[in-house]
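Below: the structure, in structure tokens.
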Amino acid sequence: MAPSLSSLLYNTRLPSANPRANSNVANRYTLPVRTQSLSFSVKSSYPRKTQPSTTSTPSSSTDAPPPSERKSLAVATGELFLGLASRLIKRRRKGPIGESGSVAMFENSSGKEKYDGERIGAVMEDEIEPEVVWEQRVKDVEAERQRRVVTSPGFSFSAAGLLFPYHLGVAQFLIEKGYIKETTPLSGSSAGAIVCAVIASGASMEEALEATKILAEDCRKRGTAFRLGAVLRGVLDNFLPDDVHIRSNGRVRVAVTQLLWRPRGLLVDQFDSKEDLINAVFTSSFIPGYLAPRPATMFRNRLCIDGGLTLFMPPTSAAQTVRVCAFPASQLGLEGIGISPDCNPENCASPRQLFNWALEPAEDEILDRLFELGYLDAAVWAKENPVEQVVQDDSSLSIST
């Protein structure tokens, strides 16, 4: 049984230099452990901002700042949510779908089930975890079928909290090297859903990193728990273009968790407006009591919470999906992960540090480092998966199952 994300709390060891069954570590890139300005071991074409020369102690860039009352509240809230998620995952793995010990997200019982008049058009098992079943509305299925060209593989970005810059670094490399095109399907949960919207918007990843720093600075000054959601909405509204929903329709799958009589995963990729898209990624990121002082949020007249609870790395609409995880996959017991900190285990922070940075905004130099680590991990994966061999255009859509 794969341990849940909350297991990171109780394992503070650095990842092994030889994670199991990971062929990507054959080619590693080394970063200085404690520096403000990092150097790539591979030639990179994206511009890096020069940092003013400063003198700092070794603990200034990697050690998490001393906890405050607000930080303790934020971390405690996140830990509680992950603890509940862990219990649900354990219950789900006790038996096949539909048994009393299972937390199966969907059963296609009658084929006539409707939610607010929107019929369910697809019910599928996850390709990595067959016990996870996800669902799409007819509108979402139709939006995908309207796309004439689909580039495979698609890329799925995991839930990551405030480790958002890691995903941005991965996306920077994949776009730069031609793995992600305008026709590449994307999917994500929580922070992963946000990065998918950013990619689809056409914005640069460096601009997104600067926007992340604005959000982080606001939270460092005024606190994170109970107010992160309002800050996130403001940043997304200012950063994303007005036509982002049009660019995302049929291409970006956003995972949310519906709270019916038990949690159900829903993939959404048809958006009526920019506000509707922002509402979707906000819902996908909604850790109860963390983004706002309430236990859940309403999305399209459904009571919902963070999509990572049921769909940590949702599948894309492409025939093949490469999954990107901001946490060490070997520490979580996850399989089928393409890009993660396991690609460069020498450069990975401890699980405890990553968890803290996921719930509390790190300093700007740490955000820069996370960005570069994501870039380097993607470079390791690309060594084993040359773009000319893995990227192909399909004339018709093949939904992954």
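By order of appearance in the structure tokens: chains A, B, ..., then residues from 1 within every chain, and ligands from 1 in the order shown.
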Worksheet entry | Residues flagged strand (DSSP E) by DSSP in region 116-321 of chain A, as a PyMOL selection string | chain A and resi 118-125+133-137+150-152+154-157+186-189+252-259+263-268+297-299+302-305+321
Could the residues of region 300-321 of chain A that have an atom at most 12 Å from region 271-281 of chain A be listed as JSON lines, each with its closest atom pair and the distance in Å to one decimal, counting only C-alpha atoms and ordered by chain and ascending residue number?
```
{"residue": "A:Arg300", "atom": "CA", "partner": "A:Asp276", "partner_atom": "CA", "distance": 8.8}
{"residue": "A:Asn301", "atom": "CA", "partner": "A:Asn279", "partner_atom": "CA", "distance": 11.8}
{"residue": "A:Arg302", "atom": "CA", "partner": "A:Ala280", "partner_atom": "CA", "distance": 11.5}
{"residue": "A:Cys304", "atom": "CA", "partner": "A:Ala280", "partner_atom": "CA", "distance": 10.1}
{"residue": "A:Ile305", "atom": "CA", "partner": "A:Ala280", "partner_atom": "CA", "distance": 10.5}
{"residue": "A:Asp306", "atom": "CA", "partner": "A:Val281", "partner_atom": "CA", "distance": 9.2}
{"residue": "A:Gly307", "atom": "CA", "partner": "A:Val281", "partner_atom": "CA", "distance": 9.1}
{"residue": "A:Gly308", "atom": "CA", "partner": "A:Val281", "partner_atom": "CA", "distance": 11.5}
```
Requested write-out: N, CA, C and O atoms of the selected residues, as an mmCIF file, in the first residue's frame:
```
data_model
loop_
_atom_site.group_PDB
_atom_site.id
_atom_site.type_symbol
_atom_site.label_atom_id
_atom_site.label_comp_id
_atom_site.auth_asym_id
_atom_site.auth_seq_id
_atom_site.Cartn_x
_atom_site.Cartn_y
_atom_site.Cartn_z
ATOM 1 N N ARG A 300 -20.108 25.317 -9.044
ATOM 2 C CA ARG A 300 -21.212 24.918 -9.913
ATOM 3 C C ARG A 300 -22.302 24.188 -9.132
ATOM 4 O O ARG A 300 -22.783 23.114 -9.512
ATOM 5 N N ASN A 301 -22.666 24.777 -8.010
ATOM 6 C CA ASN A 301 -23.722 24.257 -7.143
ATOM 7 C C ASN A 301 -23.397 22.910 -6.515
ATOM 8 O O ASN A 301 -24.284 22.177 -6.084
ATOM 9 N N ARG A 302 -22.115 22.560 -6.491
ATOM 10 C CA ARG A 302 -21.664 21.348 -5.819
ATOM 11 C C ARG A 302 -20.772 21.731 -4.648
ATOM 12 O O ARG A 302 -19.961 22.648 -4.754
ATOM 13 N N CYS A 304 -17.568 21.185 -2.713
ATOM 14 C CA CYS A 304 -16.308 20.592 -3.149
ATOM 15 C C CYS A 304 -15.140 20.990 -2.258
ATOM 16 O O CYS A 304 -15.209 21.981 -1.519
ATOM 17 N N ILE A 305 -14.054 20.214 -2.362
ATOM 18 C CA ILE A 305 -12.797 20.534 -1.707
ATOM 19 C C ILE A 305 -11.646 20.191 -2.658
ATOM 20 O O ILE A 305 -11.868 19.869 -3.826
ATOM 21 N N ASP A 306 -10.430 20.236 -2.140
ATOM 22 C CA ASP A 306 -9.198 20.041 -2.899
ATOM 23 C C ASP A 306 -9.245 18.780 -3.771
ATOM 24 O O ASP A 306 -9.569 17.695 -3.302
ATOM 25 N N GLY A 307 -8.895 18.934 -5.050
ATOM 26 C CA GLY A 307 -8.908 17.804 -5.967
ATOM 27 C C GLY A 307 -7.872 16.757 -5.651
ATOM 28 O O GLY A 307 -8.007 15.594 -6.052
ATOM 29 N N GLY A 308 -6.805 17.143 -4.919
ATOM 30 C CA GLY A 308 -5.757 16.186 -4.586
ATOM 31 C C GLY A 308 -6.211 15.071 -3.670
ATOM 32 O O GLY A 308 -5.546 14.041 -3.561
#
```
Could you give me, as a tab-separated table, every region 226-246 of chain A residue with an atom at most 8 Å from region 214-220 of chain A, plus its closest atom pair and distance in Å to one decimal, counting only C-alpha atoms, rows ordered by chain then number?
```
residue	atom	partner	partner_atom	distance
A:Leu228	CA	A:Cys219	CA	7.0
A:Val231	CA	A:Leu215	CA	6.6
A:Leu232	CA	A:Leu215	CA	6.9
A:Val235	CA	A:Leu215	CA	6.9
```
For the selection just defined, write its residues with C-alpha atoms to a file, as a PDB file, in the first residue's frame.
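To be explicit, this is the file written out as out33.pdb:
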```pdb
ATOM      1  CA  LEU A 228      -4.614  32.363   1.093  1.00  0.00           C
ATOM      2  CA  VAL A 231      -4.897  36.344  -2.201  1.00  0.00           C
ATOM      3  CA  LEU A 232      -4.763  33.539  -4.775  1.00  0.00           C
ATOM      4  CA  VAL A 235      -3.238  37.121  -8.224  1.00  0.00           C
TER       5      VAL A 235
END
```
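Nearest residue to Ala358 (chain A) among A:Ala255, A:Leu174, A:Thr212, A:Ala326 is A:Ala326, counting only C-alpha atoms.
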Compile the contact shell of Arg323 (chain A) as a PDB file with all heavy atoms, in the first residue's frame: residues with an atom at most 6 Å away, counting only C-alpha atoms, same-chain residues fewer than 3 positions apart removed.
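That gives us part_4.pdb:
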```pdb
ATOM      1  N   PHE A 155       0.758  16.013 -20.111  1.00  0.00           N
ATOM      2  CA  PHE A 155       1.487  16.146 -18.855  1.00  0.00           C
ATOM      3  C   PHE A 155       0.519  16.461 -17.716  1.00  0.00           C
ATOM      4  O   PHE A 155      -0.321  17.362 -17.823  1.00  0.00           O
ATOM      5  CB  PHE A 155       2.554  17.239 -18.958  1.00  0.00           C
ATOM      6  CG  PHE A 155       3.709  16.837 -19.839  1.00  0.00           C
ATOM      7  CD1 PHE A 155       3.663  17.054 -21.210  1.00  0.00           C
ATOM      8  CD2 PHE A 155       4.823  16.206 -19.298  1.00  0.00           C
ATOM      9  CE1 PHE A 155       4.716  16.658 -22.027  1.00  0.00           C
ATOM     10  CE2 PHE A 155       5.879  15.813 -20.113  1.00  0.00           C
ATOM     11  CZ  PHE A 155       5.822  16.044 -21.478  1.00  0.00           C
ATOM     12  N   SER A 156       0.656  15.682 -16.640  1.00  0.00           N
ATOM     13  CA  SER A 156      -0.181  15.834 -15.454  1.00  0.00           C
ATOM     14  C   SER A 156       0.677  16.340 -14.306  1.00  0.00           C
ATOM     15  O   SER A 156       1.731  15.778 -14.005  1.00  0.00           O
ATOM     16  CB  SER A 156      -0.813  14.491 -15.081  1.00  0.00           C
ATOM     17  OG  SER A 156      -1.504  14.583 -13.847  1.00  0.00           O
ATOM     18  N   ILE A 337       5.641   7.563 -12.127  1.00  0.00           N
ATOM     19  CA  ILE A 337       5.935   8.995 -12.118  1.00  0.00           C
ATOM     20  C   ILE A 337       7.099   9.276 -13.053  1.00  0.00           C
ATOM     21  O   ILE A 337       8.154   8.629 -12.974  1.00  0.00           O
ATOM     22  CB  ILE A 337       6.280   9.482 -10.698  1.00  0.00           C
ATOM     23  CG1 ILE A 337       5.201   9.055  -9.715  1.00  0.00           C
ATOM     24  CG2 ILE A 337       6.461  10.993 -10.688  1.00  0.00           C
ATOM     25  CD1 ILE A 337       3.813   9.529 -10.054  1.00  0.00           C
ATOM     26  N   GLY A 338       6.938  10.241 -13.952  1.00  0.00           N
ATOM     27  CA  GLY A 338       8.003  10.565 -14.880  1.00  0.00           C
ATOM     28  C   GLY A 338       9.013  11.534 -14.310  1.00  0.00           C
ATOM     29  O   GLY A 338      10.224  11.298 -14.367  1.00  0.00           O
TER      30      GLY A 338
END
```
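Distance check against Gln320 (chain A) using only C-alpha atoms: of A:Ser285, A:Thr224, A:Gln392, A:Ser189, the minimum falls on A:Gln392.
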Discussion item. Please list as a list in words every residue within 7 Å of region 239-253 of chain A, counting only C-alpha atoms and excluding residues in the same chain fewer than 4 positions away.
Written reply: Asp140, Ala143, Glu144, Arg147, Pro185, Leu186, Ser187, Gly188, Cys196, Ala197, Ala200, Ser201, Val235, Leu267, Val268, Asp269, Gln270, Phe271, Asp272, Ser273, Lys274, Leu277 and Thr316 of chain A
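Of the residues under consideration (A:Leu332, A:Arg264, A:Leu209, A:Glu176), A:Arg264 shows the shortest atom-to-atom contact distance to Leu311 (chain A) when counting only C-alpha atoms.
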